[in-house]
$ cat input_37.cif   # mmCIF, C-alpha atoms
data_work
loop_
_atom_site.label_atom_id
_atom_site.label_comp_id
_atom_site.auth_asym_id
_atom_site.auth_seq_id
_atom_site.Cartn_x
_atom_site.Cartn_y
_atom_site.Cartn_z
CA MET I 9 102.31 -19.88 -152.23
CA LYS I 10 101.70 -16.72 -150.23
CA LYS I 11 98.85 -16.58 -147.75
CA THR I 12 97.47 -13.24 -146.57
CA ILE I 13 95.53 -12.51 -143.39
CA ILE I 14 94.00 -9.03 -143.53
CA ALA I 15 92.97 -6.97 -140.52
CA SER I 16 92.28 -3.25 -140.23
CA ALA I 17 92.71 -0.47 -137.64
CA VAL I 18 103.14 -3.25 -133.41
CA LEU I 19 113.84 -7.03 -127.09
CA GLY I 20 114.89 -7.85 -130.55
CA LEU I 21 114.57 -11.34 -132.01
CA VAL I 22 117.26 -13.85 -132.63
CA ALA I 23 114.90 -16.26 -134.35
CA PHE I 24 111.19 -15.66 -134.86
CA ASN I 25 110.35 -19.35 -134.95
CA THR I 26 111.63 -19.83 -131.37
CA PHE I 27 109.15 -17.31 -129.96
CA ALA I 28 106.40 -18.58 -132.24
CA VAL I 29 106.70 -22.05 -130.72
CA GLU I 30 106.34 -20.57 -127.24
CA LEU I 31 103.14 -18.75 -128.23
CA GLY I 32 101.74 -21.58 -130.30
CA ALA I 33 101.77 -19.40 -133.44
CA THR I 34 102.97 -21.10 -136.61
CA PRO I 35 103.35 -18.94 -139.74
CA ASN I 36 104.44 -20.81 -142.82
CA ASP I 37 106.91 -20.03 -145.58
CA GLY I 38 105.39 -17.32 -147.79
CA ASP I 39 102.69 -16.24 -145.32
CA ILE I 40 101.85 -12.55 -144.87
CA ASP I 41 100.17 -11.36 -141.67
CA THR I 42 98.63 -7.92 -141.27
CA THR I 43 98.02 -5.60 -138.36
CA SER I 44 96.87 -1.98 -138.28
CA ALA I 45 95.99 0.79 -135.88
CA GLU I 46 93.69 3.76 -136.12
CA ILE I 47 95.60 6.67 -134.60
CA ASN I 48 94.15 10.00 -133.54
CA TRP I 49 95.60 13.37 -132.76
CA VAL I 50 93.31 14.43 -129.88
CA ALA I 51 90.44 12.92 -128.01
CA GLN I 52 89.47 9.46 -129.21
CA ILE I 53 90.42 5.96 -128.03
CA PRO I 54 92.58 4.33 -130.75
CA THR I 55 91.40 1.08 -132.32
CA VAL I 56 93.93 -1.73 -132.88
CA VAL I 57 93.05 -4.84 -134.87
CA PRO I 58 95.75 -7.54 -134.64
CA GLY I 59 96.60 -10.21 -137.17
CA ALA I 60 97.11 -13.88 -136.31
CA TRP I 61 100.81 -13.55 -135.44
CA VAL I 62 101.50 -9.79 -135.25
CA THR I 63 99.90 -6.76 -133.65
CA MET I 64 100.53 -3.04 -133.21
CA THR I 65 101.32 -1.44 -129.89
CA GLY I 66 102.57 1.89 -128.66
CA ALA I 67 106.12 2.52 -127.45
CA GLU I 68 107.72 -0.29 -125.40
CA GLY I 69 104.73 -2.54 -126.04
CA GLY I 70 102.30 -0.19 -124.30
CA ALA I 71 98.93 1.05 -125.48
CA VAL I 72 98.66 3.14 -128.63
CA ARG I 73 98.21 6.69 -127.37
CA ASP I 74 96.56 9.74 -128.86
CA GLY I 75 98.76 12.56 -130.10
CA VAL I 76 98.32 16.31 -129.68
CA LEU I 77 97.11 18.42 -132.61
CA THR I 78 98.12 22.08 -132.46
CA VAL I 79 95.94 24.44 -134.52
CA GLN I 80 96.76 28.08 -135.24
CA ASN I 81 94.15 30.81 -135.71
CA ASP I 82 94.80 30.85 -139.46
CA GLY I 83 93.97 27.12 -139.73
CA LYS I 84 97.54 25.86 -140.02
CA PHE I 85 98.22 22.79 -137.89
CA ASP I 86 100.86 20.30 -136.86
CA SER I 87 101.16 17.52 -134.31
CA ASP I 88 103.47 15.66 -132.01
CA GLU I 89 104.49 12.11 -132.95
CA ILE I 90 102.63 8.86 -132.25
CA PRO I 91 105.02 5.88 -131.91
CA LEU I 92 103.92 2.46 -133.17
CA GLU I 93 105.59 -0.93 -132.84
CA ILE I 94 104.92 -4.23 -134.63
CA ARG I 95 105.12 -7.07 -132.12
CA GLN I 96 104.63 -10.81 -132.12
CA TYR I 97 101.13 -11.86 -131.16
CA ASP I 98 99.21 -15.05 -130.41
CA ALA I 99 95.60 -14.71 -131.58
CA ASP I 100 94.46 -17.61 -129.37
CA SER I 101 95.89 -16.38 -126.06
CA GLY I 102 96.06 -12.65 -126.79
CA GLN I 103 99.69 -12.63 -125.63
CA VAL I 104 101.93 -9.89 -127.03
CA GLY I 105 105.61 -10.69 -127.44
CA ALA I 106 108.84 -9.18 -128.68
CA GLY I 107 109.26 -6.77 -131.55
CA VAL I 108 109.17 -8.26 -135.04
CA SER I 109 112.84 -7.83 -135.86
CA LEU I 110 113.86 -8.70 -139.42
CA ASP I 111 117.22 -10.01 -138.21
CA SER I 112 117.27 -13.76 -138.86
CA THR I 113 120.86 -14.25 -137.64
CA GLY I 114 121.15 -17.63 -135.94
CA ALA I 115 117.88 -18.99 -137.31
CA ASP I 116 118.00 -22.62 -138.47
CA THR I 117 117.66 -23.56 -142.14
CA GLY I 118 113.95 -23.97 -142.89
CA ALA I 119 112.84 -21.84 -139.95
CA VAL I 120 110.06 -19.40 -140.88
CA VAL I 121 111.06 -15.81 -140.09
CA PRO I 122 109.70 -12.33 -140.91
CA VAL I 123 111.52 -10.88 -143.95
CA SER I 124 109.79 -7.58 -144.67
CA ILE I 125 107.25 -5.12 -143.27
CA THR I 126 105.12 -3.06 -145.65
CA TYR I 127 103.41 0.05 -144.28
CA GLN I 128 100.43 1.93 -145.68
CA ALA I 129 98.65 5.01 -144.31
CA GLU I 130 95.10 6.08 -145.13
CA ASN I 131 94.04 9.65 -145.84
CA VAL I 132 93.67 11.78 -142.71
CA THR I 133 90.10 12.72 -141.84
CA PHE I 134 89.07 15.59 -139.58
CA THR I 135 86.15 15.89 -137.20
CA SER I 136 84.88 18.92 -135.31
CA GLU I 137 83.26 18.38 -131.91
CA LYS I 138 80.96 21.31 -132.71
CA GLY I 139 80.06 19.86 -136.10
CA TYR I 140 81.81 22.36 -138.38
CA ASP I 141 82.66 21.32 -141.94
CA LEU I 142 86.39 20.55 -142.20
CA THR I 143 86.40 18.85 -145.60
CA GLY I 144 88.75 21.48 -147.08
CA ALA I 145 91.60 20.50 -144.76
CA ASP I 146 94.49 18.51 -146.19
CA ALA I 147 97.13 16.78 -144.06
CA LYS I 148 100.66 15.72 -144.89
CA ILE I 149 101.62 12.50 -143.10
CA THR I 150 105.25 11.96 -142.09
CA GLU I 151 106.92 8.88 -140.63
CA THR I 152 110.11 9.98 -138.89
CA VAL I 153 112.00 6.77 -137.98
CA ALA I 154 111.85 3.86 -140.44
CA ILE I 155 110.59 5.54 -143.63
CA ALA I 156 112.03 8.88 -142.48
CA GLY I 157 109.98 11.16 -144.69
CA PRO I 158 106.55 12.12 -146.07
CA VAL I 159 104.12 9.28 -146.76
CA THR I 160 101.62 9.24 -149.64
CA PRO I 161 98.23 7.88 -148.47
CA GLY I 162 97.47 4.53 -150.07
CA ALA I 163 101.08 3.91 -151.16
CA ASP I 164 103.03 0.86 -149.97
CA TYR I 165 106.38 1.30 -148.20
CA GLU I 166 108.21 -2.03 -148.01
CA LEU I 167 111.05 -2.06 -145.47
CA ASN I 168 113.72 -4.68 -144.85
CA SER I 169 115.81 -3.03 -142.13
CA THR I 170 116.24 -4.81 -138.80
CA ASP I 171 114.34 -2.14 -136.84
CA ALA I 172 111.53 -1.62 -139.38
CA TRP I 173 109.08 -2.68 -136.64
CA LYS I 174 109.51 0.70 -134.92
CA THR I 175 107.81 3.75 -136.47
CA SER I 176 106.62 7.20 -135.42
CA TRP I 177 103.91 9.24 -137.17
CA LYS I 178 102.92 12.91 -137.33
CA VAL I 179 100.72 15.21 -139.42
CA GLU I 180 100.78 18.82 -140.55
CA ASN I 181 98.78 20.85 -143.01
CA GLY I 182 99.66 20.45 -146.67
CA MET I 183 100.11 23.39 -149.01
CA GLY I 184 96.77 25.23 -149.01
CA GLY I 185 95.28 22.56 -146.75
CA GLU I 186 94.62 24.69 -143.67
CA LEU I 187 91.55 23.95 -141.55
CA PRO I 188 88.66 26.05 -142.97
CA ASN I 189 86.80 26.63 -139.69
CA VAL I 190 88.78 27.44 -136.55
CA ILE I 191 86.29 28.30 -133.84
CA ALA I 192 87.23 29.06 -130.23
CA GLY I 193 86.23 26.25 -127.88
CA ASP I 194 86.03 23.59 -130.59
CA THR I 195 87.90 20.26 -130.38
CA ILE I 196 89.30 18.99 -133.68
CA THR I 197 90.45 15.41 -134.18
CA ALA I 198 92.66 14.17 -137.04
CA THR I 199 92.45 10.42 -137.69
CA THR I 200 94.22 7.97 -139.96
CA VAL I 201 94.76 4.20 -140.10
CA ILE I 202 98.28 2.78 -140.29
CA ARG I 203 98.46 -0.72 -141.73
CA ALA I 204 101.44 -3.08 -141.65
CA ASP I 205 101.84 -6.30 -143.67
CA VAL I 206 104.51 -8.64 -142.32
CA ALA I 207 105.81 -11.18 -144.87
CA PHE I 208 107.29 -14.50 -143.71
CA ALA I 209 109.69 -16.83 -145.50
CA ALA I 210 111.75 -19.91 -144.72
CA VAL I 211 115.47 -19.47 -144.12
CA PRO I 212 117.26 -21.04 -147.15
#
$ encode --input "input_37.cif" --output "structure tokens"
Amino acid sequence: MKKTIIASAVLGLVAFNTFAVELGATPNDGDIDTTSAEINWVAQIPTVVPGAWVTMTGAEGGAVRDGVLTVQNDGKFDSDEIPLEIRQYDADSGQVGAGVSLDSTGADTGAVVPVSITYQAENVTFTSEKGYDLTGADAKITETVAIAGPVTPGADYELNSTDAWKTSWKVENGMGGELPNVIAGDTITATTVIRADVAFAAVP
């Protein structure tokens, strides 16, 4: 039976169960744990909500950082990339561990290991510091490392590659989705939530 823990908002492994014992975390065969991060391009502090056994971090286990949104006078926009990592986590101690590698080489029979990571991105929302209406803007989300292409908001992207725990995200305007109000001196923030479901299973 699968169990799901849902949360909203990331040194490779040899065997996940070895680290889990050190942290006191004990996922079971068929469990799914979820972590997510709200990421912003410009000017807000990101929000990360960990699961019981996994969490999201920035690059090299650091804090999730804001990206830079570049807006042209005609309303077209693009951004730099925000890296995210899925890492082992102990909800009791708050300790963050190694990346959640899907390589179970060397794990004992019956050991519970992560077997897949499923990503989902929410629609990008825009806010204007000066309060202008930006509802006409439409953003295209791209993940450049693990999925390596455009991402449809709300769609699930299940990955099984060893390094699926490392991702990098950017946005740009979609066709006809330019920002409708570009006013000198304004600060515009683009925000989305990236969610990751990590599925666990016992080694046969």
$ resolve_selection --input "input_37.cif" --expression "the PyMOL selection byres ((chain I and resi 131) around 6)" --output "mmCIF file with C-alpha atoms, in the coordinates of the input"
data_model
loop_
_atom_site.group_PDB
_atom_site.id
_atom_site.type_symbol
_atom_site.label_atom_id
_atom_site.label_comp_id
_atom_site.auth_asym_id
_atom_site.auth_seq_id
_atom_site.Cartn_x
_atom_site.Cartn_y
_atom_site.Cartn_z
ATOM 1 C CA GLU I 130 95.100 6.080 -145.130
ATOM 2 C CA VAL I 132 93.670 11.780 -142.710
ATOM 3 C CA PRO I 161 98.230 7.880 -148.470
#
$ closest_atom_pairs --input "input_37.cif" --of "range 72-121 of chain I" --to "range 182-196 of chain I" --cutoff "7 Å" --atoms "only C-alpha atoms" --output "JSON lines"
{"residue": "I:Asn81", "atom": "CA", "partner": "I:Val190", "partner_atom": "CA", "distance": 6.4}
{"residue": "I:Gly83", "atom": "CA", "partner": "I:Leu187", "partner_atom": "CA", "distance": 4.4}
{"residue": "I:Lys84", "atom": "CA", "partner": "I:Glu186", "partner_atom": "CA", "distance": 4.8}
$ residues_around --input "input_37.cif" --residues "Asp88 in chain I" --least-positions-apart "4" --cutoff "7 Å" --atoms "only C-alpha atoms" --output "VMD selection string"
chain I and resid 75 to 77 178
$ closest_residue --input "input_37.cif" --among "I:Pro35, I:Gly118, I:Pro91, I:Gly66" --to "Val153 in chain I" --atoms "only C-alpha atoms"
I:Pro91
$ atom_distance --input "input_37.cif" --atom1 "CA of Ile155 in chain I" --atom2 "CA of Thr42 in chain I"
18.2 Å
$ atom_distance --input "input_37.cif" --atom1 "CA of Trp173 in chain I" --atom2 "CA of Ala156 in chain I"
13.3 Å
$ closest_residue --input "input_37.cif" --among "I:Ala99, I:Leu92, I:Ala129, I:Val62" --to "Ile202 in chain I" --atoms "all atoms listed in the file"
I:Ala129
$ atom_distance --input "input_37.cif" --atom1 "CA of Ala115 in chain I" --atom2 "CA of Lys174 in chain I"
21.5 Å
$ closest_residue --input "input_37.cif" --among "I:Thr170, I:Thr133, I:Tyr127, I:Glu180" --to "Lys148 in chain I" --atoms "all atoms listed in the file"
I:Glu180
$ closest_residue --input "input_37.cif" --among "I:Asp86, I:Glu68, I:Asp37, I:Asp74" --to "Ala147 in chain I" --atoms "only C-alpha atoms"
I:Asp86
$ resolve_selection --input "input_37.cif" --expression "the PyMOL selection byres ((chain I and resi 164) around 6)" --output "number ranges by chain"
I: 127-128, 163, 165
$ write_last_selection --input "input_37.cif" --atoms "C-alpha atoms" --output "PDB file, keeping the file's coordinate frame"
ATOM      1  CA  TYR I 127     103.410   0.050-144.280  1.00  0.00           C
ATOM      2  CA  GLN I 128     100.430   1.930-145.680  1.00  0.00           C
ATOM      3  CA  ALA I 163     101.080   3.910-151.160  1.00  0.00           C
ATOM      4  CA  TYR I 165     106.380   1.300-148.200  1.00  0.00           C
TER       5      TYR I 165
END
$ resolve_selection --input "input_37.cif" --expression "the PyMOL selection byres ((chain I and resi 208) around 8)" --output "MDAnalysis selection string"
chainID I and resid 35:40 120:124 206:207 209:210
$ decode --input "input_37.cif" --residues "range 62-97 of chain I" --atoms "N, CA and C atoms" --output "tab-separated table (two decimals), in the first residue's frame"
chain	number	residue	atom	x	y	z
I	62	VAL	N	12.21	14.12	2.99
I	62	VAL	CA	12.89	14.86	1.92
I	62	VAL	C	12.56	16.34	2.02
I	63	THR	N	13.48	17.16	1.49
I	63	THR	CA	13.23	18.60	1.44
I	63	THR	C	13.89	19.17	0.19
I	64	MET	N	13.57	20.42	-0.13
I	64	MET	CA	14.20	21.11	-1.25
I	64	MET	C	15.20	22.12	-0.72
I	65	THR	N	16.32	22.21	-1.42
I	65	THR	CA	17.32	23.22	-1.10
I	65	THR	C	17.73	23.88	-2.41
I	66	GLY	N	18.60	24.88	-2.28
I	66	GLY	CA	19.24	25.44	-3.45
I	66	GLY	C	20.46	24.61	-3.82
I	67	ALA	N	21.32	25.16	-4.66
I	67	ALA	CA	22.51	24.43	-5.12
I	67	ALA	C	23.43	24.08	-3.95
I	68	GLU	N	24.00	22.87	-4.00
I	68	GLU	CA	24.94	22.39	-2.98
I	68	GLU	C	24.34	22.38	-1.58
I	69	GLY	N	23.04	22.23	-1.49
I	69	GLY	CA	22.38	22.17	-0.19
I	69	GLY	C	22.16	23.51	0.47
I	70	GLY	N	22.43	24.59	-0.24
I	70	GLY	CA	22.25	25.93	0.32
I	70	GLY	C	20.80	26.39	0.25
I	71	ALA	N	20.57	27.64	0.62
I	71	ALA	CA	19.23	28.20	0.61
I	71	ALA	C	18.72	28.36	-0.82
I	72	VAL	N	17.41	28.24	-0.97
I	72	VAL	CA	16.79	28.52	-2.27
I	72	VAL	C	16.86	30.02	-2.51
I	73	ARG	N	17.47	30.42	-3.61
I	73	ARG	CA	17.66	31.84	-3.88
I	73	ARG	C	16.65	32.36	-4.89
I	74	ASP	N	16.43	33.66	-4.86
I	74	ASP	CA	15.63	34.32	-5.89
I	74	ASP	C	16.41	34.38	-7.19
I	75	GLY	N	15.69	34.38	-8.31
I	75	GLY	CA	16.30	34.60	-9.60
I	75	GLY	C	16.13	36.05	-10.03
I	76	VAL	N	16.64	36.36	-11.21
I	76	VAL	CA	16.54	37.71	-11.76
I	76	VAL	C	15.62	37.69	-12.97
I	77	LEU	N	14.60	38.53	-12.96
I	77	LEU	CA	13.66	38.65	-14.06
I	77	LEU	C	14.05	39.88	-14.88
I	78	THR	N	14.28	39.68	-16.16
I	78	THR	CA	14.64	40.78	-17.05
I	78	THR	C	13.45	41.12	-17.93
I	79	VAL	N	12.99	42.38	-17.86
I	79	VAL	CA	11.80	42.82	-18.59
I	79	VAL	C	12.19	43.88	-19.61
I	80	GLN	N	11.75	43.69	-20.85
I	80	GLN	CA	12.01	44.67	-21.90
I	80	GLN	C	10.88	45.71	-21.93
I	81	ASN	N	11.10	46.82	-22.61
I	81	ASN	CA	10.11	47.88	-22.68
I	81	ASN	C	8.81	47.44	-23.34
I	82	ASP	N	8.91	46.44	-24.24
I	82	ASP	CA	7.70	45.97	-24.92
I	82	ASP	C	6.97	44.88	-24.13
I	83	GLY	N	7.41	44.60	-22.89
I	83	GLY	CA	6.74	43.63	-22.03
I	83	GLY	C	7.27	42.22	-22.13
I	84	LYS	N	8.16	41.95	-23.09
I	84	LYS	CA	8.76	40.63	-23.15
I	84	LYS	C	9.70	40.44	-21.96
I	85	PHE	N	9.82	39.20	-21.49
I	85	PHE	CA	10.65	38.95	-20.31
I	85	PHE	C	11.28	37.58	-20.39
I	86	ASP	N	12.39	37.43	-19.68
I	86	ASP	CA	13.00	36.14	-19.44
I	86	ASP	C	13.74	36.20	-18.11
I	87	SER	N	14.35	35.10	-17.71
I	87	SER	CA	14.96	35.05	-16.39
I	87	SER	C	16.25	34.25	-16.43
I	88	ASP	N	17.01	34.36	-15.34
I	88	ASP	CA	18.10	33.41	-15.15
I	88	ASP	C	17.50	32.15	-14.51
I	89	GLU	N	18.32	31.17	-14.18
I	89	GLU	CA	17.84	29.90	-13.68
I	89	GLU	C	17.94	29.82	-12.16
I	90	ILE	N	16.96	29.17	-11.55
I	90	ILE	CA	16.98	28.89	-10.11
I	90	ILE	C	17.21	27.40	-9.91
I	91	PRO	N	18.36	27.00	-9.35
I	91	PRO	CA	18.62	25.57	-9.12
I	91	PRO	C	17.89	25.08	-7.87
I	92	LEU	N	17.37	23.86	-7.95
I	92	LEU	CA	16.75	23.20	-6.80
I	92	LEU	C	17.31	21.79	-6.66
I	93	GLU	N	17.44	21.33	-5.42
I	93	GLU	CA	17.89	19.97	-5.15
I	93	GLU	C	16.94	19.31	-4.16
I	94	ILE	N	16.69	18.01	-4.36
I	94	ILE	CA	15.91	17.22	-3.40
I	94	ILE	C	16.91	16.48	-2.52
I	95	ARG	N	16.82	16.73	-1.23
I	95	ARG	CA	17.78	16.13	-0.28
I	95	ARG	C	17.06	15.40	0.84
I	96	GLN	N	17.77	14.44	1.42
I	96	GLN	CA	17.24	13.71	2.56
I	96	GLN	C	17.03	14.68	3.72
I	97	TYR	N	16.02	14.38	4.52
I	97	TYR	CA	15.62	15.31	5.59
I	97	TYR	C	15.05	14.52	6.75
